[in-house]
$ cat data_32.pdb   # PDB, C-alpha atoms, pLDDT in the B column
MODEL        1
ATOM      1  CA  MET Z 204       0.000   0.000   0.000  1.00 65.00           C
ATOM      2  CA  ASP Z 205       2.783   2.411   0.893  1.00 65.00           C
ATOM      3  CA  GLU Z 206       4.700   1.794  -2.329  1.00 73.00           C
ATOM      4  CA  LEU Z 207       1.583   2.161  -4.475  1.00 73.00           C
ATOM      5  CA  GLY Z 208       0.564   5.422  -2.797  1.00 72.00           C
ATOM      6  CA  PHE Z 209      -2.682   4.081  -1.317  1.00 73.00           C
ATOM      7  CA  GLY Z 210      -1.823   5.181   2.199  1.00 70.00           C
ATOM      8  CA  SER Z 211      -0.023   3.534   5.050  1.00 76.00           C
ATOM      9  CA  SER Z 212      -0.009  -0.193   5.636  1.00 76.00           C
ATOM     10  CA  ILE Z 213       0.398   0.453   9.366  1.00 79.00           C
ATOM     11  CA  VAL Z 214      -2.270   1.558  11.816  1.00 81.00           C
ATOM     12  CA  ALA Z 215      -1.036   1.966  15.365  1.00 78.00           C
ATOM     13  CA  ALA Z 216      -3.097   0.743  18.281  1.00 81.00           C
ATOM     14  CA  ASP Z 217      -4.076   3.289  20.903  1.00 83.00           C
ATOM     15  CA  ALA Z 218      -1.087   2.923  23.253  1.00 85.00           C
ATOM     16  CA  GLU Z 219      -2.891   4.147  26.389  1.00 88.00           C
ATOM     17  CA  LEU Z 220      -5.863   1.887  25.787  1.00 88.00           C
ATOM     18  CA  ALA Z 221      -3.579  -1.091  25.067  1.00 88.00           C
ATOM     19  CA  ALA Z 222      -1.624  -0.450  28.276  1.00 90.00           C
ATOM     20  CA  ARG Z 223      -4.823  -0.281  30.338  1.00 91.00           C
ATOM     21  CA  LEU Z 224      -6.126  -3.476  28.773  1.00 90.00           C
ATOM     22  CA  ARG Z 225      -2.815  -5.276  29.328  1.00 91.00           C
ATOM     23  CA  HIS Z 226      -2.786  -4.163  32.973  1.00 93.00           C
ATOM     24  CA  GLU Z 227      -6.380  -5.320  33.611  1.00 91.00           C
ATOM     25  CA  LEU Z 228      -5.807  -8.670  31.893  1.00 93.00           C
ATOM     26  CA  GLN Z 229      -2.726  -9.273  34.040  1.00 94.00           C
ATOM     27  CA  ARG Z 230      -4.607  -8.172  37.153  1.00 92.00           C
ATOM     28  CA  ALA Z 231      -7.269 -10.788  36.307  1.00 91.00           C
ATOM     29  CA  GLY Z 232      -4.545 -13.442  36.149  1.00 92.00           C
ATOM     30  CA  LEU Z 233      -4.722 -13.915  32.390  1.00 91.00           C
ATOM     31  CA  ALA Z 234      -1.627 -14.511  30.279  1.00 89.00           C
ATOM     32  CA  VAL Z 235      -1.004 -11.496  28.072  1.00 89.00           C
ATOM     33  CA  SER Z 236       1.501 -10.512  25.442  1.00 85.00           C
ATOM     34  CA  GLY Z 237       1.675  -7.459  23.235  1.00 82.00           C
ATOM     35  CA  GLY Z 238       3.069  -6.909  19.796  1.00 81.00           C
ATOM     36  CA  THR Z 239       2.412  -6.278  16.160  1.00 83.00           C
ATOM     37  CA  ALA Z 240      -0.489  -8.138  14.568  1.00 83.00           C
ATOM     38  CA  VAL Z 241       0.045  -8.625  10.853  1.00 83.00           C
ATOM     39  CA  THR Z 242      -2.972  -8.764   8.562  1.00 80.00           C
ATOM     40  CA  VAL Z 243      -2.563 -11.372   5.830  1.00 82.00           C
ATOM     41  CA  SER Z 244      -4.769 -12.492   2.955  1.00 79.00           C
ATOM     42  CA  THR Z 245      -4.197 -16.176   3.654  1.00 77.00           C
ATOM     43  CA  ALA Z 246      -3.057 -18.038   6.759  1.00 79.00           C
ATOM     44  CA  THR Z 247       0.631 -18.851   6.838  1.00 82.00           C
ATOM     45  CA  GLY Z 248       0.930 -22.613   6.476  1.00 84.00           C
ATOM     46  CA  THR Z 249       4.586 -23.389   5.804  1.00 86.00           C
ATOM     47  CA  ALA Z 250       7.920 -22.688   7.456  1.00 86.00           C
ATOM     48  CA  GLU Z 251       8.986 -20.779   4.344  1.00 89.00           C
ATOM     49  CA  THR Z 252       6.019 -18.404   4.374  1.00 87.00           C
ATOM     50  CA  ALA Z 253       6.388 -17.908   8.133  1.00 86.00           C
ATOM     51  CA  ALA Z 254      10.070 -16.995   7.627  1.00 88.00           C
ATOM     52  CA  GLU Z 255       9.134 -14.551   4.853  1.00 87.00           C
ATOM     53  CA  LEU Z 256       6.531 -12.918   7.097  1.00 85.00           C
ATOM     54  CA  LEU Z 257       9.103 -12.477   9.873  1.00 87.00           C
ATOM     55  CA  ARG Z 258      11.624 -11.108   7.375  1.00 89.00           C
ATOM     56  CA  ARG Z 259       9.145  -8.428   6.331  1.00 87.00           C
ATOM     57  CA  VAL Z 260       7.779  -7.754   9.845  1.00 87.00           C
ATOM     58  CA  PRO Z 261      10.448  -8.803  12.385  1.00 88.00           C
ATOM     59  CA  ASP Z 262       8.350  -7.860  15.434  1.00 86.00           C
ATOM     60  CA  ALA Z 263       5.235  -9.755  14.309  1.00 84.00           C
ATOM     61  CA  ALA Z 264       3.524 -11.417  17.261  1.00 84.00           C
ATOM     62  CA  ALA Z 265       0.427 -12.750  15.491  1.00 84.00           C
ATOM     63  CA  GLU Z 266      -1.330 -12.863  12.156  1.00 84.00           C
ATOM     64  CA  GLY Z 267      -4.948 -12.453  11.256  1.00 84.00           C
ATOM     65  CA  MET Z 268      -7.142 -11.373   8.393  1.00 82.00           C
ATOM     66  CA  GLU Z 269      -9.436  -8.754   9.903  1.00 85.00           C
ATOM     67  CA  GLY Z 270      -7.387  -6.311  11.944  1.00 84.00           C
ATOM     68  CA  PHE Z 271      -6.159  -3.860   9.343  1.00 86.00           C
ATOM     69  CA  GLY Z 272      -9.602  -3.148   7.890  1.00 86.00           C
ATOM     70  CA  VAL Z 273     -11.139  -2.563  11.299  1.00 88.00           C
ATOM     71  CA  ALA Z 274      -8.203  -0.395  12.433  1.00 88.00           C
ATOM     72  CA  THR Z 275      -8.311   1.664   9.233  1.00 88.00           C
ATOM     73  CA  ALA Z 276     -12.045   2.306   9.623  1.00 91.00           C
ATOM     74  CA  ALA Z 277     -11.536   3.307  13.265  1.00 90.00           C
ATOM     75  CA  GLN Z 278      -8.726   5.662  12.272  1.00 89.00           C
ATOM     76  CA  GLN Z 279     -10.877   7.307   9.586  1.00 91.00           C
ATOM     77  CA  PHE Z 280     -13.606   7.966  12.142  1.00 94.00           C
ATOM     78  CA  GLY Z 281     -11.196   9.118  14.872  1.00 91.00           C
ATOM     79  CA  VAL Z 282     -12.002   6.165  17.110  1.00 87.00           C
ATOM     80  CA  PRO Z 283      -9.206   4.504  19.115  1.00 84.00           C
ATOM     81  CA  ALA Z 284      -8.389   0.968  18.021  1.00 82.00           C
ATOM     82  CA  LEU Z 285      -6.588  -2.057  19.343  1.00 82.00           C
ATOM     83  CA  GLU Z 286      -6.764  -5.724  18.506  1.00 84.00           C
ATOM     84  CA  LEU Z 287      -7.377  -8.398  21.122  1.00 86.00           C
ATOM     85  CA  ARG Z 288      -6.555 -11.922  19.967  1.00 86.00           C
ATOM     86  CA  ALA Z 289      -6.462 -15.303  21.617  1.00 88.00           C
ATOM     87  CA  ILE Z 290      -3.916 -17.479  19.847  1.00 85.00           C
ATOM     88  CA  SER Z 291      -4.946 -21.063  19.053  1.00 86.00           C
ATOM     89  CA  ASN Z 292      -1.992 -22.078  16.909  1.00 80.00           C
ATOM     90  CA  ALA Z 293       1.482 -20.928  15.963  1.00 77.00           C
ATOM     91  CA  VAL Z 294       2.270 -19.305  12.624  1.00 80.00           C
ATOM     92  CA  GLY Z 295       3.986 -21.763  10.310  1.00 78.00           C
ATOM     93  CA  PRO Z 296       3.437 -25.357   9.247  1.00 80.00           C
ATOM     94  CA  ARG Z 297      -0.114 -26.486   9.908  1.00 81.00           C
ATOM     95  CA  ASP Z 298      -0.203 -28.997  12.741  1.00 83.00           C
ATOM     96  CA  ARG Z 299      -3.846 -29.583  13.610  1.00 88.00           C
ATOM     97  CA  ASP Z 300      -2.840 -31.777  16.553  1.00 88.00           C
ATOM     98  CA  ALA Z 301      -1.209 -28.726  18.165  1.00 86.00           C
ATOM     99  CA  TRP Z 302      -4.192 -26.396  17.666  1.00 87.00           C
ATOM    100  CA  ARG Z 303      -5.805 -25.262  20.915  1.00 91.00           C
ATOM    101  CA  ILE Z 304      -8.998 -23.676  19.634  1.00 92.00           C
ATOM    102  CA  LYS Z 305     -11.131 -24.320  22.730  1.00 95.00           C
ATOM    103  CA  ASP Z 306      -8.402 -22.923  25.003  1.00 92.00           C
ATOM    104  CA  ALA Z 307      -8.135 -19.835  22.798  1.00 91.00           C
ATOM    105  CA  LEU Z 308     -11.900 -19.283  22.794  1.00 94.00           C
ATOM    106  CA  ASP Z 309     -12.031 -19.705  26.582  1.00 93.00           C
ATOM    107  CA  ALA Z 310      -9.211 -17.174  26.960  1.00 91.00           C
ATOM    108  CA  LEU Z 311     -10.936 -14.753  24.600  1.00 91.00           C
ATOM    109  CA  GLN Z 312     -14.180 -15.048  26.552  1.00 93.00           C
ATOM    110  CA  ALA Z 313     -12.371 -14.323  29.818  1.00 92.00           C
ATOM    111  CA  ALA Z 314     -10.493 -11.377  28.300  1.00 91.00           C
ATOM    112  CA  SER Z 315     -13.624  -9.982  26.666  1.00 89.00           C
ATOM    113  CA  SER Z 316     -15.349  -9.768  30.033  1.00 88.00           C
ATOM    114  CA  ILE Z 317     -12.783  -7.118  31.020  1.00 87.00           C
ATOM    115  CA  LEU Z 318     -13.165  -4.922  27.932  1.00 83.00           C
ATOM    116  CA  ARG Z 319     -16.111  -2.827  29.110  1.00 81.00           C
ATOM    117  CA  GLU Z 320     -14.209  -1.711  32.228  1.00 80.00           C
ATOM    118  CA  VAL Z 321     -11.176  -0.732  30.152  1.00 82.00           C
ATOM    119  CA  ILE Z 322     -13.035   1.074  27.388  1.00 79.00           C
ATOM    120  CA  THR Z 323     -15.348   3.074  29.655  1.00 78.00           C
ATOM    121  CA  SER Z 324     -12.797   4.067  32.286  1.00 70.00           C
TER
ENDMDL
END
$ encode --input "data_32.pdb" --output "structure tokens"
Amino acid sequence: MDELGFGSSIVAADAELAARLRHELQRAGLAVSGGTAVTVSTATGTAETAAELLRRVPDAAAEGMEGFGVATAAQQFGVPALELRAISNAVGPRDRDAWRIKDALDALQAASSILREVITS
């Protein structure tokens, strides 16, 4: 996007909001990590594509398909944005036996219960 002149390919999360959310998640005893979420058009499924992603975005902590569009819309309307993700599987070769989808959904449910306090405070 940057090279083609269509705008920036980066939308920063609201740092204050992210810090408050991280603090409240930790206070609730939930595991939390912060970092860059990379929006991709297809899930990374091989070691080679995972290495290429990390070459392009060395601080990538997660990948998804929805974040950039939502963050761009929020930015255009002047609304703070951040992305909360529960990770069910590592980026790289697909290993369905290692996927922890139920654990991720349980973690997301627990984390989501804290959002209202963070956003309205």
$ residues_around --input "data_32.pdb" --residues "Leu318 of chain Z" --least-positions-apart "5" --cutoff "9 Å" --atoms "all atoms listed in the file" --output "short mmCIF file (atom, residue, chain, number, x, y, z; two decimals) with C-alpha atoms, keeping the file's coordinate frame"
data_model
loop_
_atom_site.label_atom_id
_atom_site.label_comp_id
_atom_site.auth_asym_id
_atom_site.auth_seq_id
_atom_site.Cartn_x
_atom_site.Cartn_y
_atom_site.Cartn_z
CA LEU Z 224 -6.13 -3.48 28.77
CA GLU Z 227 -6.38 -5.32 33.61
CA THR Z 323 -15.35 3.07 29.66
#
$ residues_around --input "data_32.pdb" --residues "segment 246-253 of chain Z" --least-positions-apart "6" --cutoff "12 Å" --atoms "only C-alpha atoms" --output "VMD selection string"
chain Z and resid 259 to 261 263 to 269 292 to 299
$ residues_around --input "data_32.pdb" --residues "Asp306 of chain Z" --least-positions-apart "3" --cutoff "9 Å" --atoms "only C-alpha atoms" --output "PyMOL selection string"
chain Z and resi 289-291+303+309-311
$ write_last_selection --input "data_32.pdb" --atoms "C-alpha atoms" --output "PDB file, in the coordinates of the input"
ATOM      1  CA  ALA Z 289      -6.462 -15.303  21.617  1.00 88.00           C
ATOM      2  CA  ILE Z 290      -3.916 -17.479  19.847  1.00 85.00           C
ATOM      3  CA  SER Z 291      -4.946 -21.063  19.053  1.00 86.00           C
ATOM      4  CA  ARG Z 303      -5.805 -25.262  20.915  1.00 91.00           C
ATOM      5  CA  ASP Z 309     -12.031 -19.705  26.582  1.00 93.00           C
ATOM      6  CA  ALA Z 310      -9.211 -17.174  26.960  1.00 91.00           C
ATOM      7  CA  LEU Z 311     -10.936 -14.753  24.600  1.00 91.00           C
TER       8      LEU Z 311
END
$ atom_distance --input "data_32.pdb" --atom1 "atom CA of Gln312 of chain Z" --atom2 "atom CA of Ala234 of chain Z"
13.1 Å
$ closest_residue --input "data_32.pdb" --among "Z:Leu220, Z:Leu256, Z:Ala314, Z:Ile322" --to "Leu285 of chain Z" --atoms "only C-alpha atoms"
Z:Leu220
$ resolve_selection --input "data_32.pdb" --expression "the PyMOL selection byres ((chain Z and resi 211-218) around 8)" --output "JSON, numbers by chain"
{"Z": [204, 205, 209, 210, 219, 220, 221, 222, 271, 274, 275, 278, 283, 284, 285, 286]}
$ closest_residue --input "data_32.pdb" --among "Z:Leu207, Z:Leu257, Z:Val243, Z:Ile317" --to "His226 of chain Z" --atoms "only C-alpha atoms"
Z:Ile317
$ closest_residue --input "data_32.pdb" --among "Z:Phe280, Z:Leu287, Z:Gly272, Z:Ser324" --to "Gly237 of chain Z" --atoms "only C-alpha atoms"
Z:Leu287
$ atom_distance --input "data_32.pdb" --atom1 "atom CA of Ala301 of chain Z" --atom2 "atom CA of Arg230 of chain Z"
28.2 Å
$ atom_distance --input "data_32.pdb" --atom1 "atom CA of Ser315 of chain Z" --atom2 "atom CA of Gly270 of chain Z"
16.4 Å
$ closest_residue --input "data_32.pdb" --among "Z:Ala254, Z:Ala277, Z:Ala313, Z:Ile304" --to "Leu233 of chain Z" --atoms "all atoms listed in the file"
Z:Ala313
